[in-house]
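Enquirer: Contents of model.cif (mmCIF, C-alpha atoms and all ligand atoms) are below:
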data_entry
#
loop_
_atom_site.label_atom_id
_atom_site.label_comp_id
_atom_site.auth_asym_id
_atom_site.auth_seq_id
_atom_site.Cartn_x
_atom_site.Cartn_y
_atom_site.Cartn_z
CA MET A 1 0.00 0.00 0.00
CA ALA A 2 1.43 3.34 -0.98
CA ARG A 3 -1.42 5.47 0.30
CA ASP A 4 0.93 7.43 2.52
CA ASP A 5 2.70 8.75 -0.56
CA LYS A 6 -0.47 10.19 -2.02
CA LYS A 7 -2.21 11.40 1.10
CA SER A 8 0.41 13.10 3.24
CA LYS A 9 2.86 15.91 2.86
CA PRO A 10 5.94 15.93 5.08
CA ALA A 11 4.82 19.04 6.95
CA SER A 12 1.44 17.56 7.82
CA SER A 13 2.87 14.30 9.06
CA ALA A 14 3.75 15.91 12.38
CA GLY A 15 1.13 16.42 15.05
CA LYS A 16 -1.80 14.65 16.54
CA VAL A 17 -3.69 11.86 14.88
CA PRO A 18 -7.36 11.45 15.88
CA LYS A 19 -7.82 8.74 18.45
CA LYS A 20 -9.59 5.52 17.59
CA GLY A 21 -11.78 4.63 20.52
CA GLY A 22 -9.14 4.69 23.22
CA THR A 23 -7.97 7.15 25.82
CA VAL A 24 -4.60 7.67 24.16
CA VAL A 25 -3.85 9.94 21.25
CA ALA A 26 -0.74 8.68 19.53
CA GLN A 27 1.47 11.56 18.49
CA GLU A 28 3.08 11.20 15.10
CA SER A 29 6.67 12.33 14.65
CA GLY A 30 8.08 13.80 11.45
CA SER A 31 9.94 16.66 9.81
CA ARG A 32 10.10 18.42 6.47
CA ASN A 33 13.64 17.11 6.08
CA ALA A 34 12.81 13.43 6.53
CA PRO A 35 11.09 11.26 3.94
CA ILE A 36 7.48 10.31 4.71
CA ILE A 37 7.26 6.92 6.39
CA ASN A 38 6.30 4.31 3.81
CA ILE A 39 6.51 0.82 5.29
CA GLY A 40 3.31 -0.54 3.77
CA ILE A 41 1.06 0.19 6.75
CA ASP A 42 -1.64 2.79 6.37
CA ARG A 43 -1.24 6.00 8.38
CA GLU A 44 -4.43 5.50 10.38
CA ASP A 45 -3.50 1.91 11.10
CA ARG A 46 -0.07 2.99 12.32
CA ALA A 47 -1.76 5.48 14.64
CA ALA A 48 -4.15 2.83 16.01
CA ILE A 49 -1.32 0.36 16.56
CA ALA A 50 0.91 3.02 18.18
CA GLU A 51 -1.97 3.87 20.48
CA GLY A 52 -2.33 0.23 21.50
CA LEU A 53 1.40 -0.12 22.03
CA SER A 54 1.42 3.05 24.14
CA ARG A 55 -1.10 1.48 26.46
CA VAL A 56 0.90 -1.75 26.63
CA LEU A 57 4.02 0.32 27.35
CA ALA A 58 2.36 2.30 30.16
CA ASP A 59 1.06 -0.87 31.79
CA THR A 60 4.34 -2.73 31.36
CA TYR A 61 6.26 0.18 32.89
CA THR A 62 3.87 0.41 35.83
CA LEU A 63 4.13 -3.33 36.40
CA TYR A 64 7.93 -3.07 36.13
CA LEU A 65 8.02 -0.37 38.83
CA THR A 66 5.67 -2.33 41.08
CA THR A 67 7.82 -5.44 40.77
CA HIS A 68 11.02 -3.52 41.48
CA ASN A 69 9.39 -1.87 44.49
CA PHE A 70 8.37 -5.30 45.79
CA HIS A 71 11.93 -6.56 45.25
CA TRP A 72 13.06 -3.81 47.62
CA ASN A 73 10.27 -4.03 50.17
CA VAL A 74 9.32 -7.69 50.45
CA THR A 75 9.53 -9.14 53.96
CA GLY A 76 8.79 -12.45 55.66
CA PRO A 77 10.03 -16.04 55.70
CA HIS A 78 10.15 -16.24 51.88
CA PHE A 79 12.23 -13.10 51.53
CA ASN A 80 15.15 -14.72 49.71
CA SER A 81 13.19 -16.52 47.03
CA LEU A 82 10.73 -13.66 46.40
CA HIS A 83 13.48 -11.02 46.39
CA ALA A 84 15.35 -13.02 43.73
CA MET A 85 12.24 -13.91 41.72
CA PHE A 86 11.06 -10.28 41.63
CA MET A 87 14.48 -9.23 40.33
CA GLU A 88 14.25 -11.70 37.47
CA GLN A 89 10.76 -10.44 36.66
CA TYR A 90 11.48 -6.72 36.82
CA THR A 91 14.57 -7.18 34.65
CA GLU A 92 12.49 -8.91 31.97
CA LEU A 93 9.81 -6.20 32.17
CA TRP A 94 12.38 -3.42 32.01
CA ASN A 95 14.00 -4.90 28.91
CA SER A 96 10.63 -5.28 27.23
CA THR A 97 9.74 -1.59 27.65
CA ASP A 98 12.57 -0.70 25.27
CA VAL A 99 11.35 -3.12 22.62
CA ILE A 100 7.76 -1.85 22.85
CA ALA A 101 8.77 1.83 22.80
CA GLU A 102 11.06 1.37 19.82
CA ARG A 103 8.32 -0.39 17.87
CA ILE A 104 6.15 2.70 18.43
CA ARG A 105 9.01 4.81 17.00
CA ALA A 106 9.39 2.46 14.03
CA LEU A 107 5.70 3.07 13.29
CA GLY A 108 6.37 6.82 13.11
CA HIS A 109 5.03 7.88 16.52
CA TYR A 110 6.52 9.23 19.70
CA ALA A 111 6.69 6.81 22.61
CA PRO A 112 5.22 8.01 25.91
CA GLY A 113 7.87 8.05 28.62
CA SER A 114 6.90 10.16 31.60
CA TYR A 115 5.08 9.43 34.85
CA ALA A 116 2.43 11.99 33.85
CA GLU A 117 1.68 10.21 30.57
CA PHE A 118 1.89 6.71 32.01
CA SER A 119 -0.45 7.55 34.89
CA LYS A 120 -3.00 8.88 32.40
CA ILE A 121 -3.11 5.77 30.22
CA ALA A 122 -2.07 2.85 32.42
CA THR A 123 -4.72 0.35 33.47
CA VAL A 124 -2.47 -1.38 36.01
CA PRO A 125 -2.84 0.48 39.33
CA ASP A 126 0.11 2.43 40.72
CA VAL A 127 2.37 0.83 43.32
CA PRO A 128 0.71 0.69 46.75
CA GLN A 129 2.00 3.42 49.06
CA ASP A 130 2.50 1.08 52.03
CA PRO A 131 4.31 -2.15 51.18
CA PRO A 132 1.83 -5.02 51.45
CA LYS A 133 2.55 -8.45 52.94
CA ALA A 134 4.43 -10.85 50.67
CA THR A 135 1.36 -12.87 49.64
CA GLU A 136 -0.52 -9.67 48.78
CA MET A 137 2.44 -8.56 46.65
CA VAL A 138 2.24 -11.83 44.73
CA ARG A 139 -1.52 -11.37 44.29
CA ILE A 140 -1.04 -7.83 42.97
CA LEU A 141 1.58 -9.05 40.49
CA VAL A 142 -0.67 -11.89 39.25
CA LYS A 143 -3.37 -9.34 38.48
CA GLY A 144 -0.85 -6.98 36.87
CA HIS A 145 0.52 -9.64 34.53
CA GLU A 146 -2.98 -10.75 33.62
CA THR A 147 -3.96 -7.16 32.85
CA VAL A 148 -0.97 -6.55 30.57
CA SER A 149 -1.66 -9.85 28.85
CA ARG A 150 -5.30 -8.85 28.19
CA ILE A 151 -4.34 -5.42 26.87
CA SER A 152 -1.63 -6.90 24.64
CA ARG A 153 -3.99 -9.57 23.32
CA GLU A 154 -6.63 -6.95 22.53
CA PHE A 155 -4.30 -5.27 20.04
CA ILE A 156 -2.97 -8.37 18.25
CA PRO A 157 -5.96 -8.41 15.83
CA VAL A 158 -5.51 -4.67 15.19
CA ALA A 159 -1.91 -5.27 14.16
CA GLU A 160 -2.79 -8.37 12.15
CA ALA A 161 -5.59 -6.59 10.28
CA ALA A 162 -3.10 -3.90 9.24
CA GLY A 163 -0.55 -6.46 8.07
CA ASP A 164 1.80 -5.46 10.89
CA ASP A 165 3.26 -8.89 11.63
CA PRO A 166 6.24 -7.60 13.66
CA THR A 167 3.89 -5.91 16.15
CA ALA A 168 1.53 -8.92 16.23
CA ASP A 169 4.52 -11.23 16.87
CA MET A 170 5.89 -8.94 19.57
CA LEU A 171 2.53 -8.74 21.36
CA THR A 172 2.13 -12.51 21.10
CA ALA A 173 5.55 -12.93 22.72
CA ARG A 174 4.54 -10.49 25.48
CA CYS A 175 1.35 -12.50 26.14
CA THR A 176 3.43 -15.68 26.44
CA VAL A 177 5.67 -14.07 29.08
CA HIS A 178 2.81 -12.49 31.03
CA ASP A 179 0.68 -15.65 31.01
CA GLN A 180 3.62 -17.76 32.17
CA THR A 181 4.64 -15.29 34.88
CA ALA A 182 1.05 -15.02 36.11
CA TRP A 183 0.88 -18.83 36.32
CA MET A 184 4.12 -19.03 38.33
CA LEU A 185 3.02 -16.32 40.73
CA ARG A 186 -0.47 -17.78 41.04
CA SER A 187 1.06 -21.16 41.92
CA LEU A 188 2.71 -19.58 44.95
CA LEU A 189 -0.75 -18.79 46.32
CA GLU A 190 -2.22 -22.25 45.79
CA ASP A 191 -2.21 -24.79 48.63
FE FE B 201 18.47 -5.49 44.08
#
Could you render the structure from this file as structure tokens?
Ligand SMILES: [Fe+2]
Expert:
Amino acid sequence: MARDDKKSKPASSAGKVPKKGGTVVAQESGSRNAPIINIGIDREDRAAIAEGLSRVLADTYTLYLTTHNFHWNVTGPHFNSLHAMFMEQYTELWNSTDVIAERIRALGHYAPGSYAEFSKIATVPDVPQDPPKATEMVRILVKGHETVSRISREFIPVAEAAGDDPTADMLTARCTVHDQTAWMLRSLLED
């Protein structure tokens, strides 16, 4: 599809793109000096996908921060194992934020990256102010991973419909990680 060539001028490629049913408005990047993005994905589709990815990024970042906080603040008889497990999990989440954000950039949009933006669009609740007991931490993380998995899964068909296989593959991989992590955490709570 070469619709981008016909429809857009470089100067008009910068600025806001109307939102498509979400709470995020993906902001398109661009400059008169740079060629118009032409990767075979329609401009509106890129905006919709970037919007979905922005939500996944905000939730992943919030879950990352929660997990790192719990790594610091966990207490109780299972301190050692939970402290180590949370480190493994926050490291994976942290690394994934870079991949998600850079996919947004590859689609021609700016990636959100501030607490103000993340708090506006994240579905995962912010880190509790008072550190909860260890089992409550695990429960919060189960819910967090399930939430990010649901949000990611919601946007796989959007990416697929636009022919954006790299984003669909990336979101599928994120679902695999979140589902598996949720299972492992959930198992800690089962008798
Ligand atoms: Fe540490």
Enquirer: Show me which residues are within 12 Å of ligand FE 201 (chain B) counting all atoms listed in the file, and format the list as a list in words.
Expert: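 I would give the residues around ligand FE 201 (chain B) as Thr67, His68, Asn69, Phe70, His71, Trp72, Asn73, Val74, Asn80, Leu82, His83, Ala84, Met85, Phe86, Met87, Glu88, Gln89, Tyr90 and Thr91 of chain A.
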Enquirer: Check the smallest atom-to-atom distance from each of A:Val56, A:Ala173, A:Ala101, A:Leu107 to Ser29 (chain A) using all atoms listed in the file, then report the winner.
Expert: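 Selected residue with least distance to Ser29 (chain A): A:Leu107.
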Enquirer: List the neighbours of region 177-183 of chain A out to 10 Å using all atoms listed in the file; skip same-chain residues closer than 2 positions along the sequence, and give me the result as a list in words.
Expert: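 Contacts, with the query itself left out: Thr60, Gln89, Glu92, Leu93, Val138, Arg139, Leu141, Val142, Lys143, Gly144, His145, Glu146, Thr147, Val148, Ser149, Arg150, Ser152, Leu171, Thr172, Ala173, Arg174, Cys175, Leu185, Arg186, Ser187 and Leu188 of chain A.
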Enquirer: Would you mind exporting C-alpha atoms of the selected residues as a CSV table (one decimal), in the coordinates of the input?
Expert:
chain,number,residue,atom,x,y,z
A,60,THR,CA,4.3,-2.7,31.4
A,89,GLN,CA,10.8,-10.4,36.7
A,92,GLU,CA,12.5,-8.9,32.0
A,93,LEU,CA,9.8,-6.2,32.2
A,138,VAL,CA,2.2,-11.8,44.7
A,139,ARG,CA,-1.5,-11.4,44.3
A,141,LEU,CA,1.6,-9.0,40.5
A,142,VAL,CA,-0.7,-11.9,39.2
A,143,LYS,CA,-3.4,-9.3,38.5
A,144,GLY,CA,-0.8,-7.0,36.9
A,145,HIS,CA,0.5,-9.6,34.5
A,146,GLU,CA,-3.0,-10.8,33.6
A,147,THR,CA,-4.0,-7.2,32.8
A,148,VAL,CA,-1.0,-6.6,30.6
A,149,SER,CA,-1.7,-9.8,28.8
A,150,ARG,CA,-5.3,-8.8,28.2
A,152,SER,CA,-1.6,-6.9,24.6
A,171,LEU,CA,2.5,-8.7,21.4
A,172,THR,CA,2.1,-12.5,21.1
A,173,ALA,CA,5.6,-12.9,22.7
A,174,ARG,CA,4.5,-10.5,25.5
A,175,CYS,CA,1.4,-12.5,26.1
A,185,LEU,CA,3.0,-16.3,40.7
A,186,ARG,CA,-0.5,-17.8,41.0
A,187,SER,CA,1.1,-21.2,41.9
A,188,LEU,CA,2.7,-19.6,45.0
Enquirer: Please determine, counting all atoms listed in the file, which residue among A:Ala134, A:Ala106, A:Ala111, A:Met184 has the shortest atom-to-atom distance to Ile39 (chain A).
Expert: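 That would be A:Ala106, the residue with the smallest distance to Ile39 (chain A).
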Enquirer: Distance CA of Pro132 (chain A)-CA of Glu190 (chain A), one decimal place?
Expert: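 Between CA of Pro132 (chain A) and CA of Glu190 (chain A) the gap works out to 18.6 Å.
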Enquirer: Can you pull out the residues contacting Phe118 (chain A)? Cut-off 12 Å, using all atoms listed in the file, and skip same-chain residues under 5 positions away; I want them as a PyMOL selection string.
Expert: chain A and resi 23-24+54-63+65+111-113+123-126
Enquirer: Mind giving me the straight-line distance from CA of Asp169 (chain A) to CA of Ala50 (chain A) in Å, one decimal?
Expert: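 Taking CA of Asp169 (chain A) and CA of Ala50 (chain A), their separation equals 14.8 Å.
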Enquirer: Quick one, how far is CA of Ile156 (chain A) from CA of Ala168 (chain A)?
Expert: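 Straight-line distance from CA of Ile156 (chain A) to CA of Ala168 (chain A) works out to 5.0 Å.
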Enquirer: A:Ile100, A:Pro166, A:Lys120, A:Leu53: which is nearest Arg153 (chain A), counting all atoms listed in the file?
Expert: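 That would be A:Leu53, the residue with the smallest distance to Arg153 (chain A).
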